[in-house]
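Novice: Please find input.cif (mmCIF, C-alpha atoms and all ligand atoms) on the next line:
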```cif
data_input
loop_
_atom_site.label_atom_id
_atom_site.label_comp_id
_atom_site.auth_asym_id
_atom_site.auth_seq_id
_atom_site.Cartn_x
_atom_site.Cartn_y
_atom_site.Cartn_z
CA MET A 1 0.00 0.00 0.00
CA PRO A 2 1.44 3.44 -0.83
CA LEU A 3 2.26 5.61 2.15
CA GLN A 4 -0.43 8.10 3.01
CA PRO A 5 0.76 11.60 2.13
CA ARG A 6 1.32 13.95 5.04
CA LEU A 7 -0.31 16.76 3.14
CA SER A 8 -2.85 16.49 0.37
CA ILE A 9 -4.81 19.19 -1.35
CA GLU A 10 -7.57 18.91 -3.88
CA GLY A 11 -9.16 21.60 -6.02
CA LEU A 12 -7.94 24.55 -3.94
CA VAL A 13 -9.39 27.87 -5.17
CA ARG A 14 -9.03 31.42 -3.86
CA ASN A 15 -10.48 34.58 -5.40
CA LEU A 16 -8.91 37.89 -4.36
CA GLY A 17 -9.54 41.38 -5.69
CA GLY A 18 -11.95 40.01 -8.32
CA ARG A 19 -9.37 37.54 -9.69
CA ARG A 20 -8.91 33.80 -9.31
CA VAL A 21 -5.47 33.90 -7.70
CA VAL A 22 -5.40 30.19 -6.85
CA ASP A 23 -7.15 28.23 -9.56
CA GLY A 24 -7.66 24.58 -8.69
CA ILE A 25 -4.45 23.36 -7.04
CA ASP A 26 -3.95 19.61 -6.41
CA LEU A 27 -0.84 18.60 -4.48
CA THR A 28 0.52 15.92 -2.15
CA VAL A 29 3.65 15.91 0.00
CA ALA A 30 4.97 12.76 1.70
CA ALA A 31 6.89 12.53 5.00
CA GLY A 32 10.56 13.43 4.61
CA GLN A 33 9.94 14.94 1.18
CA VAL A 34 10.63 18.49 0.07
CA THR A 35 8.26 19.88 -2.54
CA CYS A 36 9.07 23.29 -3.97
CA LEU A 37 6.26 25.47 -5.19
CA LEU A 38 8.10 27.40 -7.89
CA GLY A 39 6.80 30.15 -10.11
CA PRO A 40 7.11 33.78 -11.13
CA SER A 41 6.14 36.66 -8.86
CA GLY A 42 2.40 37.00 -8.41
CA CYS A 43 1.45 33.49 -9.59
CA GLY A 44 -0.23 32.66 -6.27
CA LYS A 45 2.44 30.75 -4.31
CA SER A 46 2.14 32.63 -1.01
CA THR A 47 -1.65 32.62 -1.23
CA THR A 48 -1.59 28.83 -1.61
CA LEU A 49 0.68 28.51 1.42
CA ARG A 50 -1.56 30.78 3.48
CA LEU A 51 -4.58 28.61 2.66
CA ILE A 52 -2.71 25.47 3.73
CA ALA A 53 -1.55 27.17 6.93
CA GLY A 54 -5.11 28.22 7.68
CA VAL A 55 -4.36 31.94 7.99
CA ASP A 56 -6.59 32.47 4.95
CA ARG A 57 -9.72 30.56 3.92
CA GLN A 58 -10.21 28.94 0.51
CA ASP A 59 -13.27 29.54 -1.66
CA ALA A 60 -13.28 25.91 -2.75
CA GLY A 61 -11.23 22.79 -2.24
CA THR A 62 -10.20 20.41 0.51
CA ILE A 63 -7.02 20.00 2.57
CA TRP A 64 -6.04 16.85 4.48
CA MET A 65 -3.15 16.44 6.89
CA ASP A 66 -2.16 12.86 7.74
CA GLY A 67 -5.48 11.74 6.28
CA VAL A 68 -7.53 14.07 8.48
CA GLN A 69 -9.52 16.80 6.79
CA VAL A 70 -8.49 20.24 8.14
CA ALA A 71 -10.24 22.44 5.59
CA GLY A 72 -13.19 21.87 3.31
CA PRO A 73 -16.50 23.36 2.27
CA ASP A 74 -17.81 23.42 5.86
CA LEU A 75 -14.61 23.09 7.80
CA HIS A 76 -11.82 25.49 8.75
CA ARG A 77 -9.40 24.36 11.41
CA PRO A 78 -7.39 27.29 12.80
CA PRO A 79 -3.64 27.35 12.12
CA GLU A 80 -2.71 26.23 15.65
CA ALA A 81 -4.82 23.06 15.25
CA ARG A 82 -3.11 21.96 12.01
CA GLY A 83 0.26 20.58 13.23
CA ILE A 84 2.26 22.80 10.93
CA GLY A 85 5.49 24.73 11.29
CA LEU A 86 5.74 28.07 9.51
CA MET A 87 8.75 29.95 8.29
CA PHE A 88 8.54 33.12 6.29
CA GLN A 89 11.07 35.50 4.83
CA ASP A 90 10.56 37.98 7.65
CA PHE A 91 10.68 35.32 10.38
CA ALA A 92 10.41 37.49 13.47
CA LEU A 93 12.16 36.27 16.58
CA PHE A 94 10.88 37.68 19.87
CA PRO A 95 13.45 40.38 20.64
CA HIS A 96 12.94 40.33 24.41
CA LEU A 97 13.38 36.53 24.69
CA THR A 98 16.69 34.65 24.68
CA VAL A 99 17.56 32.19 21.94
CA ALA A 100 16.55 29.23 24.15
CA GLN A 101 13.27 30.94 25.10
CA ASN A 102 12.52 31.68 21.45
CA VAL A 103 13.03 28.04 20.48
CA GLY A 104 10.95 26.79 23.42
CA PHE A 105 8.17 29.33 22.90
CA GLY A 106 5.59 26.95 21.41
CA LEU A 107 6.34 24.12 23.83
CA PRO A 108 4.71 23.30 27.17
CA ARG A 109 6.86 24.29 30.15
CA GLY A 110 9.04 21.53 31.62
CA ALA A 111 12.31 19.65 31.47
CA ALA A 112 11.37 17.78 28.26
CA SER A 113 10.82 21.08 26.46
CA VAL A 114 14.13 22.50 27.62
CA ALA A 115 15.84 19.32 26.41
CA ARG A 116 14.09 19.59 23.04
CA ALA A 117 15.14 23.24 22.63
CA LEU A 118 18.76 22.38 23.45
CA GLU A 119 18.70 19.40 21.09
CA LEU A 120 17.48 21.57 18.21
CA LEU A 121 19.99 24.33 18.91
CA ALA A 122 22.73 21.70 18.74
CA ARG A 123 21.30 20.46 15.40
CA VAL A 124 21.50 23.93 13.89
CA ASN A 125 25.02 24.41 15.29
CA LEU A 126 24.06 27.02 17.87
CA SER A 127 25.06 25.27 21.09
CA GLY A 128 26.37 27.92 23.48
CA TYR A 129 24.04 30.61 22.09
CA GLU A 130 21.16 29.75 24.47
CA GLU A 131 21.37 32.90 26.60
CA LYS A 132 22.02 35.38 23.79
CA TYR A 133 19.34 37.74 22.49
CA PRO A 134 18.31 37.98 18.81
CA HIS A 135 20.03 41.38 18.29
CA GLU A 136 23.34 39.74 19.23
CA LEU A 137 23.07 37.27 16.30
CA SER A 138 23.94 37.52 12.60
CA GLY A 139 21.21 37.14 9.97
CA GLY A 140 22.20 33.54 9.31
CA GLU A 141 22.20 32.70 13.02
CA GLN A 142 18.77 34.27 13.46
CA GLN A 143 17.50 32.23 10.55
CA ARG A 144 18.76 29.04 12.22
CA VAL A 145 17.03 29.99 15.49
CA ALA A 146 13.81 30.54 13.53
CA LEU A 147 14.20 27.08 11.98
CA ALA A 148 14.77 25.51 15.40
CA ARG A 149 11.72 27.35 16.77
CA ALA A 150 9.50 26.18 13.90
CA LEU A 151 10.68 22.58 14.34
CA ALA A 152 10.48 22.46 18.15
CA PRO A 153 6.83 21.30 18.43
CA ARG A 154 7.59 18.51 15.90
CA PRO A 155 5.26 19.72 13.17
CA SER A 156 4.39 17.01 10.69
CA ILE A 157 4.35 19.61 7.91
CA MET A 158 6.66 22.57 7.44
CA LEU A 159 5.51 25.46 5.27
CA MET A 160 8.31 27.79 4.17
CA ASP A 161 7.83 30.96 2.13
CA GLU A 162 11.09 32.23 0.59
CA PRO A 163 12.83 31.58 3.93
CA PHE A 164 16.32 32.26 2.57
CA SER A 165 15.72 35.41 0.57
CA GLY A 166 16.73 37.72 3.43
CA LEU A 167 20.22 36.21 3.56
CA ASP A 168 23.18 37.36 1.55
CA ASP A 169 24.42 35.12 -1.26
CA ARG A 170 27.48 33.85 0.55
CA LEU A 171 25.51 32.61 3.56
CA ARG A 172 22.57 31.28 1.64
CA ASP A 173 23.95 28.09 0.12
CA GLY A 174 25.34 26.83 3.42
CA ILE A 175 22.15 27.58 5.33
CA ARG A 176 19.99 25.95 2.67
CA ASP A 177 21.98 22.74 2.89
CA GLU A 178 21.99 22.75 6.70
CA THR A 179 18.27 23.42 6.80
CA LEU A 180 17.61 20.59 4.38
CA ALA A 181 19.67 18.18 6.47
CA VAL A 182 17.75 19.07 9.66
CA LEU A 183 14.36 18.79 7.94
CA LYS A 184 15.27 15.40 6.48
CA GLU A 185 16.44 14.11 9.89
CA GLU A 186 13.15 15.18 11.43
CA GLY A 187 11.17 13.44 8.66
CA THR A 188 9.02 16.54 8.18
CA ALA A 189 7.00 16.99 4.99
CA VAL A 190 8.14 20.31 3.54
CA LEU A 191 6.39 22.66 1.16
CA LEU A 192 8.82 25.41 0.23
CA VAL A 193 7.86 28.43 -1.84
CA THR A 194 10.44 30.06 -4.07
CA HIS A 195 10.62 32.04 -7.30
CA GLU A 196 14.25 31.00 -7.89
CA PRO A 197 14.72 27.94 -10.12
CA SER A 198 18.23 27.36 -8.72
CA GLU A 199 16.89 27.21 -5.16
CA ALA A 200 14.17 24.75 -6.18
CA MET A 201 16.67 22.59 -8.09
CA ARG A 202 18.93 22.52 -5.05
CA MET A 203 16.30 21.83 -2.38
CA ALA A 204 13.46 19.87 -3.95
CA ASP A 205 12.66 16.21 -4.23
CA GLU A 206 9.80 17.39 -6.38
CA ILE A 207 9.12 20.72 -8.06
CA ALA A 208 5.56 21.94 -8.59
CA LEU A 209 5.82 24.59 -11.28
CA MET A 210 3.10 27.19 -10.88
CA ARG A 211 1.73 29.75 -13.34
CA ASN A 212 -1.40 31.92 -13.10
CA GLY A 213 -2.75 30.11 -10.06
CA ARG A 214 -2.29 26.63 -11.51
CA ILE A 215 0.33 23.91 -11.27
CA VAL A 216 1.49 23.33 -14.84
CA GLN A 217 4.00 20.57 -14.12
CA ARG A 218 5.05 18.41 -11.18
CA ALA A 219 8.25 16.42 -11.43
CA ALA A 220 11.68 15.75 -9.92
CA PRO A 221 14.22 18.52 -10.71
CA TYR A 222 16.00 16.39 -13.34
CA ASN A 223 12.77 15.59 -15.14
CA ILE A 224 11.30 19.05 -15.05
CA TYR A 225 14.57 20.42 -16.49
CA ASN A 226 14.92 17.77 -19.17
CA ALA A 227 11.27 17.23 -20.08
CA PRO A 228 9.48 20.56 -19.65
CA VAL A 229 5.79 20.68 -20.61
CA ASP A 230 5.99 23.83 -22.72
CA LEU A 231 8.21 26.68 -23.86
CA LYS A 232 7.53 28.78 -20.75
CA ALA A 233 8.43 25.87 -18.47
CA ALA A 234 11.64 25.28 -20.44
CA SER A 235 12.67 28.94 -20.39
CA PHE A 236 11.95 29.36 -16.68
CA PHE A 237 15.07 27.30 -15.89
CA SER A 238 17.57 28.70 -18.42
CA ASP A 239 17.87 30.71 -21.61
CA VAL A 240 16.66 28.64 -24.53
CA ASN A 241 17.06 28.65 -28.29
CA VAL A 242 13.80 28.67 -30.21
CA LEU A 243 13.57 27.79 -33.91
CA PRO A 244 10.23 28.07 -35.68
CA GLY A 245 8.89 25.11 -37.65
CA LYS A 246 5.79 23.80 -39.36
CA VAL A 247 4.53 20.22 -39.24
CA HIS A 248 4.35 18.04 -42.38
CA GLY A 249 3.51 14.38 -41.89
CA ALA A 250 4.34 14.40 -38.14
CA LEU A 251 7.79 15.91 -38.91
CA THR A 252 9.13 19.43 -38.92
CA ASP A 253 12.10 20.78 -40.87
CA THR A 254 14.89 22.65 -39.12
CA PRO A 255 18.48 23.56 -40.01
CA PHE A 256 19.34 20.41 -37.97
CA GLY A 257 17.25 18.10 -40.14
CA GLN A 258 13.78 16.80 -39.50
CA PHE A 259 12.32 16.49 -36.02
CA LEU A 260 9.45 14.30 -34.92
CA ALA A 261 6.29 16.17 -34.06
CA PRO A 262 4.08 13.27 -33.04
CA GLY A 263 0.36 13.84 -32.75
CA LEU A 264 0.41 17.29 -34.36
CA PRO A 265 -1.61 17.77 -37.55
CA ASP A 266 -0.07 19.04 -40.79
CA GLY A 267 0.40 22.78 -40.90
CA THR A 268 0.72 23.19 -37.09
CA GLU A 269 3.24 25.88 -36.22
CA VAL A 270 5.75 24.63 -33.67
CA ASP A 271 8.75 25.84 -31.70
CA ILE A 272 11.83 23.65 -31.61
CA VAL A 273 13.42 24.43 -28.26
CA PHE A 274 16.85 23.56 -26.84
CA ARG A 275 19.20 24.90 -24.19
CA PRO A 276 22.47 26.64 -25.14
CA GLN A 277 24.51 24.19 -23.04
CA HIS A 278 23.26 21.27 -25.11
CA VAL A 279 24.55 22.60 -28.43
CA ARG A 280 27.65 20.69 -29.63
CA LEU A 281 30.27 22.49 -31.66
CA ASP A 282 32.57 20.98 -34.29
CA PHE A 283 35.20 22.54 -36.51
CA ASP A 284 34.73 22.94 -40.23
CA ARG A 285 36.79 20.44 -42.23
CA HIS A 286 37.04 21.68 -45.81
CA GLY A 287 33.38 22.68 -45.91
CA ARG A 288 32.14 19.59 -44.09
CA GLY A 289 31.04 18.93 -40.54
CA PRO A 290 30.67 15.71 -38.58
CA ASN A 291 28.55 12.89 -40.00
CA PRO A 292 24.89 12.81 -39.03
CA THR A 293 23.98 10.27 -36.34
CA ALA A 294 20.68 9.00 -35.00
CA ALA A 295 21.39 10.55 -31.58
CA GLU A 296 22.69 13.93 -32.77
CA GLY A 297 20.74 14.41 -35.98
CA ALA A 298 22.25 16.38 -38.83
CA PRO A 299 24.88 19.02 -38.05
CA ALA A 300 24.19 22.54 -39.33
CA ARG A 301 26.69 25.11 -40.50
CA ALA A 302 26.75 28.45 -38.71
CA THR A 303 28.83 31.62 -38.50
CA VAL A 304 30.02 33.10 -35.22
CA LEU A 305 28.43 36.51 -34.59
CA ARG A 306 30.16 37.06 -31.27
CA ALA A 307 31.67 35.22 -28.35
CA ARG A 308 31.74 36.33 -24.75
CA PHE A 309 33.59 35.02 -21.72
CA MET A 310 31.15 34.54 -18.83
CA GLY A 311 33.51 33.28 -16.11
CA ARG A 312 32.86 29.58 -15.78
CA GLU A 313 31.79 29.28 -19.43
CA SER A 314 31.77 31.04 -22.77
CA LEU A 315 28.67 32.11 -24.68
CA VAL A 316 28.91 31.95 -28.45
CA GLU A 317 26.19 33.40 -30.66
CA PHE A 318 25.68 32.10 -34.20
CA LEU A 319 23.86 32.97 -37.37
CA MET A 320 22.71 29.78 -39.11
CA ASP A 321 23.29 29.25 -42.81
CA ASP A 322 19.58 29.89 -43.54
CA GLY A 323 20.55 33.55 -43.06
CA HIS A 324 18.10 34.40 -40.28
CA SER A 325 18.01 31.79 -37.46
CA ARG A 326 20.13 32.65 -34.45
CA VAL A 327 21.41 30.09 -31.99
CA SER A 328 23.41 30.51 -28.77
CA ALA A 329 25.74 27.90 -27.37
CA THR A 330 27.46 27.82 -23.99
CA VAL A 331 30.77 26.02 -23.76
CA PRO A 332 32.63 25.24 -20.55
CA ALA A 333 35.82 27.25 -19.96
CA VAL A 334 37.33 29.71 -22.41
CA PHE A 335 36.31 29.34 -26.05
CA LEU A 336 36.26 32.62 -27.92
CA PRO A 337 36.17 32.09 -31.70
CA LYS A 338 36.42 35.26 -33.82
CA PRO A 339 33.29 36.67 -35.45
CA GLY A 340 32.97 35.17 -38.94
CA THR A 341 34.41 31.77 -37.92
CA ILE A 342 32.49 28.87 -39.46
CA LEU A 343 31.53 26.05 -37.08
CA TRP A 344 29.11 23.12 -37.20
CA LEU A 345 26.40 22.79 -34.58
CA SER A 346 24.48 19.72 -33.51
CA ILE A 347 22.02 19.02 -30.74
CA PRO A 348 21.32 15.65 -29.17
CA ARG A 349 17.78 14.76 -30.21
CA ASP A 350 16.77 13.93 -26.64
CA ARG A 351 17.70 17.46 -25.55
CA CYS A 352 15.29 19.06 -28.01
CA PHE A 353 11.65 19.77 -27.37
CA VAL A 354 8.99 20.38 -29.99
CA PHE A 355 6.03 22.42 -28.71
CA ARG A 356 2.95 23.69 -30.46
CA ARG A 357 3.53 27.42 -30.89
CA GLU A 358 1.68 29.36 -28.23
CA GLY A 359 -1.16 31.45 -29.65
CA ALA A 360 -0.93 29.57 -32.96
CA VAL A 361 -3.79 27.40 -34.19
N1 LIG A 401 -5.51 40.47 -0.24
C1 LIG A 401 -5.41 40.55 -1.56
N2 LIG A 401 -6.28 41.28 -2.29
C2 LIG A 401 -6.19 41.35 -3.64
N3 LIG A 401 -5.23 40.74 -4.34
C3 LIG A 401 -4.31 40.00 -3.68
C4 LIG A 401 -4.34 39.87 -2.26
N4 LIG A 401 -3.33 39.08 -1.88
C5 LIG A 401 -2.67 38.74 -3.02
N5 LIG A 401 -3.27 39.28 -4.09
C6 LIG A 401 -2.85 39.12 -5.49
O1 LIG A 401 -2.81 37.75 -5.79
C7 LIG A 401 -1.73 37.44 -6.65
C8 LIG A 401 -0.90 36.33 -6.06
O2 LIG A 401 -0.26 36.80 -4.90
P1 LIG A 401 0.80 35.90 -4.10
O3 LIG A 401 1.28 36.69 -2.96
O4 LIG A 401 0.18 34.57 -3.80
O5 LIG A 401 1.93 35.72 -5.19
P2 LIG A 401 3.35 34.99 -5.09
O6 LIG A 401 3.36 33.91 -6.13
O7 LIG A 401 3.63 34.60 -3.69
O8 LIG A 401 4.36 36.13 -5.59
P3 LIG A 401 5.83 36.56 -5.04
O9 LIG A 401 6.82 35.61 -5.67
O10 LIG A 401 5.99 37.94 -5.56
O11 LIG A 401 5.82 36.48 -3.54
C9 LIG A 401 -0.97 38.73 -6.85
O12 LIG A 401 -1.32 39.25 -8.10
C10 LIG A 401 -1.45 39.61 -5.72
O13 LIG A 401 -1.41 40.96 -6.10
MG MG A 402 5.00 35.30 -2.24
#
```
What is this file in structure tokens?
Specialist:
Amino acid sequence: MPLQPRLSIEGLVRNLGGRRVVDGIDLTVAAGQVTCLLGPSGCGKSTTLRLIAGVDRQDAGTIWMDGVQVAGPDLHRPPEARGIGLMFQDFALFPHLTVAQNVGFGLPRGAASVARALELLARVNLSGYEEKYPHELSGGEQQRVALARALAPRPSIMLMDEPFSGLDDRLRDGIRDETLAVLKEEGTAVLLVTHEPSEAMRMADEIALMRNGRIVQRAAPYNIYNAPVDLKAASFFSDVNVLPGKVHGALTDTPFGQFLAPGLPDGTEVDIVFRPQHVRLDFDRHGRGPNPTAAEGAPARATVLRARFMGRESLVEFLMDDGHSRVSATVPAVFLPKPGTILWLSIPRDRCFVFRREGAV
């Protein structure tokens, strides 16, 4: 029997300011799993989290925690009766309480609670900070106290809304990894909101990609990156190259040969989409490139427009031989061919996506 999810949501809807801000969200999160709700600003991530926390009330939909309904058409359990931990960007510690008192705040008084607070402070590497006050701590240390405080009552579900965005870049990576380790040890189900693809890729077991109040794709980071559902999903994670095409007999012509466009009727306008880091470059050998292969398709000749050094990689921009298509390629390390250089480009077929052109019929 599959494990019962810690958190499950069905058909969640919220209308605000005359708009449907959350538009039918279904989601499950299992114990010990981190799901990232990822999407652009304003797509409804925080609103969704607020509904799950119970600080806002949905217009439709049902929420279960450990199989028990906590919100539904005629039910609204208050936040404190939902067994959740909350962490927001502006996590406020109580300034007049010590670190240990902050962590123990939500716990009943007694020796067991003191032990729990000390245990958590040790987990977040803050042993010895018990008697300090929040103003004596750095931003990163305060964030770790907030994490310990949220975890102290052993919530079965942790809701986190951009919890790392207040930290500077240098601190952030370390704290993310530490936080993840503590959450995994505790076996908490985590729903983490972020608008940063890199944060979601780093933290998530599963990414729920959100757009206009809906989840458009749910998958593990590898799968969402390598098998995006549409052009917007692909371009949310990196720059992409887009070549236009038209379907003839379930195929579409491109400078790189024909691509399969299964299930699309003749005449459908499509976008052939691939990431710059998946473009392979070969030198021109007396007007010829590498031989076509099943995996790489046909190579296409292109002229370097410009090449830029980006630090860890180089970005080379090309004009294809058709005279109008432009393609960018990123290459590890320093590779700065002169403008006008002829090179041959190929793309592994499994790194290319063919999508029906948005807005086209
Ligand atoms: N109380 C409200 N009244 C009217 N509109 C609201 C209200 N709260 C949120 N909205 C609108 O709902 C939309 C979604 O807001 P939400 O805060 O959920 O977005 P978000 O995905 O968390 O964005 P961000 O990444 O910027 O935090 C926004 O367009 C916002 O302006
Ligand atoms: Mg938000």
Novice: Between atom CA of Thr179 of chain A and atom CA of Glu130 of chain A, what is the spacing in Å?
Specialist: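 Atom-to-atom, atom CA of Glu130 of chain A and atom CA of Thr179 of chain A are spaced 19.0 Å apart.
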Novice: Which polymer residues have any atom within 9 Å of an atom of segment 41-45 of chain A, counting only C-alpha atoms, with same-chain residues fewer than 3 positions away left out, as a list in words?
Specialist: Val21, Val22, Asp23, Leu37, Leu38, Thr48, Leu49, Arg50, Asp161, Val193, Thr194, His195, Met210, Arg211, Asn212, Gly213 and Arg214 of chain A
Novice: Using only C-alpha atoms, determine which residues lie at most 8 Å from Leu192 of chain A, disregarding the query and same-chain residues fewer than 2 positions distant; provide the list as a PyMOL selection string.
Specialist: chain A and resi 34-37+159-162+190+194
Novice: Write the residues you've just listed into a file as a JSON list (two decimals), keeping the file's coordinate frame, and include C-alpha atoms for each of them.
Specialist:
```json
[["chain", "number", "residue", "atom", "x", "y", "z"],
["A", 34, "VAL", "CA", 10.63, 18.49, 0.07],
["A", 35, "THR", "CA", 8.26, 19.88, -2.54],
["A", 36, "CYS", "CA", 9.07, 23.29, -3.97],
["A", 37, "LEU", "CA", 6.26, 25.47, -5.19],
["A", 159, "LEU", "CA", 5.51, 25.46, 5.27],
["A", 160, "MET", "CA", 8.31, 27.79, 4.17],
["A", 161, "ASP", "CA", 7.83, 30.96, 2.13],
["A", 162, "GLU", "CA", 11.09, 32.23, 0.59],
["A", 190, "VAL", "CA", 8.14, 20.31, 3.54],
["A", 194, "THR", "CA", 10.44, 30.06, -4.07]]
```
Novice: In terms of the shortest atom-to-atom distance over all atoms listed in the file, which of A:Gly340, A:Gly263, A:Gly24, A:Pro348 is closest to Glu296 of chain A?
Specialist: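 Once distances to Glu296 of chain A are computed over all atoms listed in the file, the minimum belongs to A:Pro348.
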Novice: Enclose all atoms of ligand LIG 401 (chain A) listed in the file in an axis-aligned box, grow every side by 3 Å, and hand back centre and edge lengths in Å to one decimal, as JSON.
Specialist:
```
{"center_x": 0.3, "center_y": 37.6, "center_z": -4.2, "size_x": 19.1, "size_y": 13.4, "size_z": 13.9}
```
